[in-house]
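Enquirer: One structure, pasted below without further comment.
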Amino acid sequence: MVNEKGNRNGPDESSRLLEVCHTLREGILRDALAALDLPAGSRGLDAGCGVGLAAFALAEVIGPRGRVVGLDLSEPLLARGKELARLNGMAERVSFEQGDVNKLPFDDDAFDWAWSADCVGYYREAPFPALRELSRAVKPGGTVALMAWSSEQLLPGYPALEARLKATAAGLAPFARGMPPSRHFLRAPDWFRELGFEEIRGSTFAGDACAPLSDGLREAMIALIGMRWPEAEDELTAEEREEFRRIADPASPEFILDDLSYYAFFTYSMFWGKVPR
């Protein structure tokens, strides 16, 4: 979700948002990667890697003999990824290349597995070209996994307002009114099935935030609430807009994150399968 929303900002702001919000998905990444059971010492692709935070987690999972290539279209994000790799001692285990997931700059069977989080699952167009490319670049029997944001409850005590926000164009994104149901990310098992993948699986992983919030978690939640419903106020009634601003503005005395009873949760869903032999 952060990539899809963050790309509305300049590169520096997108990089900052990715790094700030990583706090929210660190535990989710651990759980999701444990479910994948990637082979130690393997070579894998992180497609749509952003600044490489998931790539570093992938490298940790496959161990010091493994290698991860991060691919992204954005040169500034890749530059920041290389900087973070140096700072975190990952430069020999994680490399970065510029490229389009719809036309990967890699040979057939170049990787043991491929992963894409906050990228392919957010495509508004047909996802098959990207998924087909990931399949092509992975050896037969290797894993291809897609992960994307799937749900949230961020405004406890305001279920009607949150339901309205979720029903706005921003709240539905990347799905849009008029799109066929088959394009919705939770229909991804059909995408894998249509391309002949085997052993197709899916699972959902949850993260949460419970008061009192640390400074880092508070900053991440402010960023998340700001990214989740951009421009949604245009579709709200005047009364709903007033209520949303009252509880979602950090400068408001009723800012919801300052409530000592605050609790929120959010989920990512992951689908994966094996490239046919």
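Quick note on naming: the chains in the structure tokens go A, B, ... in the order shown, residues restart at 1 in each chain, and ligands are numbered from 1 in order of appearance.
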Find the residues of range 143-189 of chain A that sit at most 10 Å from range 119-133 of chain A; for each, write down the nearest two atoms and how far apart they are in Å, to one decimal. Count only C-alpha atoms. Sort by chain, then by number going up, and give it as CSV.
Expert:
```
residue,atom,partner,partner_atom,distance
A:Val144,CA,A:Leu131,CA,8.4
A:Ala145,CA,A:Leu131,CA,9.4
A:Leu146,CA,A:Gly121,CA,6.4
A:Met147,CA,A:Gly121,CA,6.6
A:Ala148,CA,A:Gly121,CA,5.6
A:Trp149,CA,A:Gly121,CA,8.6
A:Ser150,CA,A:Gly121,CA,9.9
A:Ala173,CA,A:Tyr122,CA,8.2
A:Pro174,CA,A:Tyr122,CA,5.5
A:Phe175,CA,A:Arg124,CA,6.5
A:Ala176,CA,A:Arg124,CA,7.8
A:Met179,CA,A:Arg124,CA,8.2
A:Ser182,CA,A:Ala126,CA,9.2
A:Arg183,CA,A:Ala126,CA,6.8
A:His184,CA,A:Gly121,CA,8.4
A:Phe185,CA,A:Gly121,CA,5.6
A:Leu186,CA,A:Gly121,CA,8.9
A:Ala188,CA,A:Gly121,CA,8.1
```
Enquirer: What's the 8 Å shell around Ser42 in chain A, counting only C-alpha atoms, without same-chain residues fewer than 3 positions away, as a PyMOL selection string?
Expert: chain A and resi 38-39+62+65-67+112
Enquirer: Mind checking which residues fall within 10 Å of Glu243 in chain A, counting only C-alpha atoms, ignoring those fewer than 5 positions away in the same chain, and posting them as a ChimeraX atom specification?
Expert: /A:158,161,237-238,248
Enquirer: Using the chain letters and numbers from this document, which residues of range 162-268 of chain A does DSSP assign to helix (DSSP H, G or I), as a VMD selection string?
Expert: chain A and resid 162 to 166 169 to 172 181 to 183 185 to 194 215 to 228 232 to 235 238 to 248 256 to 258
Enquirer: Here is a test: counting only C-alpha atoms, which residue of A:Ala137, A:Val20, A:Ala85, A:Ala163 is nearest to Ala220 in chain A?
Expert: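 Among A:Ala137, A:Val20, A:Ala85, A:Ala163, it is A:Val20 that comes nearest to Ala220 in chain A.
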Enquirer: Using DSSP assignments from the backbone, pull out every residue in range 17-215 of chain A that falls under strand (DSSP E) and give it to me as JSON, numbers by chain.
Expert: {"A": [43, 44, 45, 46, 47, 67, 68, 69, 70, 71, 72, 94, 95, 96, 97, 98, 111, 112, 113, 114, 115, 116, 117, 138, 139, 140, 141, 142, 143, 144, 145, 146, 147, 148, 149, 150, 151, 152, 153, 198, 199, 200, 201, 202, 203, 204, 205, 206, 207, 208, 209, 210]}
Enquirer: Let me see the file: selected residues, N, CA and C atoms, as a compact mmCIF listing (two decimals), in the first residue's frame.
Expert:
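The resulting selection.txt:
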```txt
# COMPACT_ATOMS: atom_id res chain seq x y z
N ARG A 43 18.76 -17.68 -4.66
CA ARG A 43 18.83 -16.39 -5.34
C ARG A 43 17.41 -15.97 -5.70
N GLY A 44 17.03 -14.76 -5.27
CA GLY A 44 15.65 -14.35 -5.48
C GLY A 44 15.52 -12.92 -5.96
N LEU A 45 14.31 -12.58 -6.40
CA LEU A 45 13.99 -11.28 -6.95
C LEU A 45 12.92 -10.61 -6.10
N ASP A 46 13.16 -9.35 -5.72
CA ASP A 46 12.15 -8.51 -5.08
C ASP A 46 11.70 -7.50 -6.13
N ALA A 47 10.54 -7.74 -6.74
CA ALA A 47 10.03 -6.93 -7.84
C ALA A 47 9.18 -5.79 -7.32
N ARG A 67 21.37 -14.54 -2.22
CA ARG A 67 21.46 -13.25 -2.88
C ARG A 67 20.06 -12.80 -3.31
N VAL A 68 19.80 -11.50 -3.14
CA VAL A 68 18.53 -10.90 -3.53
C VAL A 68 18.80 -9.75 -4.48
N VAL A 69 18.04 -9.70 -5.57
CA VAL A 69 18.10 -8.57 -6.50
C VAL A 69 16.82 -7.77 -6.33
N GLY A 70 16.95 -6.48 -6.04
CA GLY A 70 15.80 -5.60 -5.94
C GLY A 70 15.60 -4.85 -7.25
N LEU A 71 14.38 -4.87 -7.76
CA LEU A 71 14.06 -4.22 -9.03
C LEU A 71 13.01 -3.13 -8.80
N ASP A 72 13.23 -1.95 -9.38
CA ASP A 72 12.25 -0.88 -9.27
C ASP A 72 12.44 0.08 -10.45
N VAL A 94 22.52 -7.96 -1.25
CA VAL A 94 21.37 -7.35 -1.92
C VAL A 94 21.88 -6.36 -2.95
N SER A 95 21.51 -6.55 -4.20
CA SER A 95 21.86 -5.61 -5.27
C SER A 95 20.58 -5.03 -5.85
N PHE A 96 20.72 -3.96 -6.61
CA PHE A 96 19.55 -3.26 -7.13
C PHE A 96 19.71 -3.00 -8.62
N GLU A 97 18.60 -3.14 -9.35
CA GLU A 97 18.58 -2.85 -10.78
C GLU A 97 17.31 -2.10 -11.13
N GLN A 98 17.42 -1.20 -12.09
CA GLN A 98 16.25 -0.48 -12.56
C GLN A 98 15.56 -1.31 -13.64
N PHE A 111 16.18 -16.96 -11.40
CA PHE A 111 16.02 -16.92 -9.95
C PHE A 111 15.39 -18.22 -9.43
N ASP A 112 15.63 -18.46 -8.15
CA ASP A 112 14.99 -19.59 -7.48
C ASP A 112 13.58 -19.23 -7.02
N TRP A 113 13.33 -17.95 -6.83
CA TRP A 113 12.01 -17.48 -6.40
C TRP A 113 11.88 -15.99 -6.72
N ALA A 114 10.65 -15.50 -6.70
CA ALA A 114 10.38 -14.07 -6.90
C ALA A 114 9.28 -13.63 -5.94
N TRP A 115 9.40 -12.40 -5.49
CA TRP A 115 8.49 -11.83 -4.50
C TRP A 115 8.12 -10.42 -4.96
N SER A 116 6.86 -10.03 -4.76
CA SER A 116 6.45 -8.66 -5.04
C SER A 116 5.45 -8.23 -3.98
N ALA A 117 5.82 -7.23 -3.19
CA ALA A 117 4.93 -6.70 -2.15
C ALA A 117 4.62 -5.25 -2.47
N VAL A 138 11.70 -17.24 -13.02
CA VAL A 138 11.92 -18.19 -11.91
C VAL A 138 12.01 -19.61 -12.46
N LYS A 139 12.91 -20.37 -11.90
CA LYS A 139 13.12 -21.75 -12.34
C LYS A 139 11.86 -22.59 -12.10
N PRO A 140 11.60 -23.58 -12.93
CA PRO A 140 10.46 -24.49 -12.67
C PRO A 140 10.54 -25.06 -11.27
N GLY A 141 9.40 -25.05 -10.58
CA GLY A 141 9.34 -25.53 -9.21
C GLY A 141 9.62 -24.46 -8.18
N GLY A 142 10.08 -23.27 -8.64
CA GLY A 142 10.34 -22.17 -7.72
C GLY A 142 9.07 -21.43 -7.35
N THR A 143 9.15 -20.63 -6.30
CA THR A 143 8.00 -19.92 -5.76
C THR A 143 7.89 -18.51 -6.31
N VAL A 144 6.66 -18.10 -6.62
CA VAL A 144 6.35 -16.70 -6.91
C VAL A 144 5.29 -16.27 -5.90
N ALA A 145 5.54 -15.14 -5.21
CA ALA A 145 4.64 -14.67 -4.16
C ALA A 145 4.28 -13.22 -4.38
N LEU A 146 2.99 -12.89 -4.18
CA LEU A 146 2.50 -11.52 -4.23
C LEU A 146 1.88 -11.17 -2.89
N MET A 147 2.20 -9.99 -2.36
CA MET A 147 1.61 -9.56 -1.10
C MET A 147 1.11 -8.13 -1.24
N ALA A 148 -0.06 -7.84 -0.65
CA ALA A 148 -0.63 -6.50 -0.74
C ALA A 148 -1.52 -6.24 0.47
N TRP A 149 -1.69 -4.97 0.76
CA TRP A 149 -2.58 -4.51 1.83
C TRP A 149 -3.99 -5.01 1.54
N SER A 150 -4.68 -5.52 2.58
CA SER A 150 -6.02 -6.06 2.32
C SER A 150 -7.12 -5.55 3.23
N SER A 151 -6.82 -4.99 4.41
CA SER A 151 -7.89 -4.47 5.26
C SER A 151 -7.31 -3.65 6.39
N GLU A 152 -8.18 -2.91 7.07
CA GLU A 152 -7.74 -2.14 8.22
C GLU A 152 -8.93 -1.72 9.07
N GLN A 153 -8.66 -1.45 10.35
CA GLN A 153 -9.57 -0.74 11.23
C GLN A 153 -8.69 0.27 11.97
N GLU A 198 1.25 -24.18 -9.70
CA GLU A 198 0.89 -25.34 -8.89
C GLU A 198 1.01 -25.00 -7.40
N GLU A 199 0.36 -25.80 -6.57
CA GLU A 199 0.43 -25.64 -5.11
C GLU A 199 0.11 -24.20 -4.68
N ILE A 200 -0.98 -23.67 -5.20
CA ILE A 200 -1.37 -22.28 -4.94
C ILE A 200 -1.92 -22.15 -3.52
N ARG A 201 -1.44 -21.15 -2.82
CA ARG A 201 -1.86 -20.95 -1.43
C ARG A 201 -2.10 -19.47 -1.17
N GLY A 202 -2.81 -19.18 -0.09
CA GLY A 202 -3.03 -17.81 0.33
C GLY A 202 -3.11 -17.73 1.84
N SER A 203 -2.71 -16.59 2.40
CA SER A 203 -2.80 -16.39 3.84
C SER A 203 -2.80 -14.91 4.14
N THR A 204 -3.38 -14.54 5.27
CA THR A 204 -3.45 -13.15 5.69
C THR A 204 -2.70 -12.97 7.01
N PHE A 205 -1.97 -11.86 7.10
CA PHE A 205 -1.11 -11.59 8.25
C PHE A 205 -1.48 -10.23 8.82
N ALA A 206 -1.59 -10.14 10.14
CA ALA A 206 -2.08 -8.93 10.79
C ALA A 206 -0.98 -8.22 11.57
N GLY A 207 -1.07 -6.91 11.57
CA GLY A 207 -0.27 -6.07 12.43
C GLY A 207 -1.20 -5.19 13.24
N ASP A 208 -0.70 -4.57 14.31
CA ASP A 208 -1.57 -3.71 15.10
C ASP A 208 -0.78 -2.59 15.76
N ALA A 209 -1.53 -1.69 16.36
CA ALA A 209 -0.94 -0.56 17.09
C ALA A 209 -1.81 -0.33 18.32
N CYS A 210 -1.18 -0.36 19.48
CA CYS A 210 -1.92 -0.23 20.74
C CYS A 210 -1.28 0.86 21.59
```
Enquirer: Which residues are near Asp100 in chain A? Cut-off 6 Å, only C-alpha atoms, ignore same chain within fewer than 3 positions. Put them as a PyMOL selection string.
Expert: chain A and resi 73+103-104
Enquirer: How many Å separate CA of Pro250 in chain A from CA of Cys21 in chain A?
Expert: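 Answer for the CA of Pro250 in chain A to CA of Cys21 in chain A separation: 16.7 Å.
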Enquirer: Using only C-alpha atoms, which residues sit within 7 Å of Ala170 in chain A once same-chain residues fewer than 6 positions away are excluded, as a PDB file with N, CA and C atoms, in the first residue's frame?
Expert:
```pdb
ATOM      1  N   TRP A 229      -6.545   7.459   2.870  1.00  0.00           N
ATOM      2  CA  TRP A 229      -7.727   8.066   2.252  1.00  0.00           C
ATOM      3  C   TRP A 229      -7.397   9.423   1.644  1.00  0.00           C
ATOM      4  N   PRO A 230      -6.452   9.500   0.716  1.00  0.00           N
ATOM      5  CA  PRO A 230      -6.132  10.796   0.110  1.00  0.00           C
ATOM      6  C   PRO A 230      -7.305  11.329  -0.705  1.00  0.00           C
ATOM      7  N   GLU A 231      -7.627  12.583  -0.504  1.00  0.00           N
ATOM      8  CA  GLU A 231      -8.687  13.260  -1.250  1.00  0.00           C
ATOM      9  C   GLU A 231     -10.076  12.672  -1.002  1.00  0.00           C
ATOM     10  N   ALA A 232     -10.200  11.815   0.021  1.00  0.00           N
ATOM     11  CA  ALA A 232     -11.502  11.205   0.288  1.00  0.00           C
ATOM     12  C   ALA A 232     -12.514  12.222   0.793  1.00  0.00           C
TER      13      ALA A 232
END
```
Enquirer: Mind pulling up the distance from CA of Arg86 in chain A to CA of Ala57 in chain A?
Expert: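 Result for CA of Ala57 in chain A versus CA of Arg86 in chain A: 14.7 Å, one decimal.
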Enquirer: In terms of the shortest atom-to-atom distance over only C-alpha atoms, which of A:Glu162, A:Glu19, A:Glu83, A:Asp190 is closest to Arg241 in chain A?
Expert: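 Nearest to Arg241 in chain A: A:Glu162.
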Enquirer: Leaving out Glu219 in chain A and any residue of its chain fewer than 4 positions from it, which residues lie within 12 Å of it when counting only C-alpha atoms, given as a PyMOL selection string?
Expert: chain A and resi 16-24+209+213-215+223-226+250+257-258
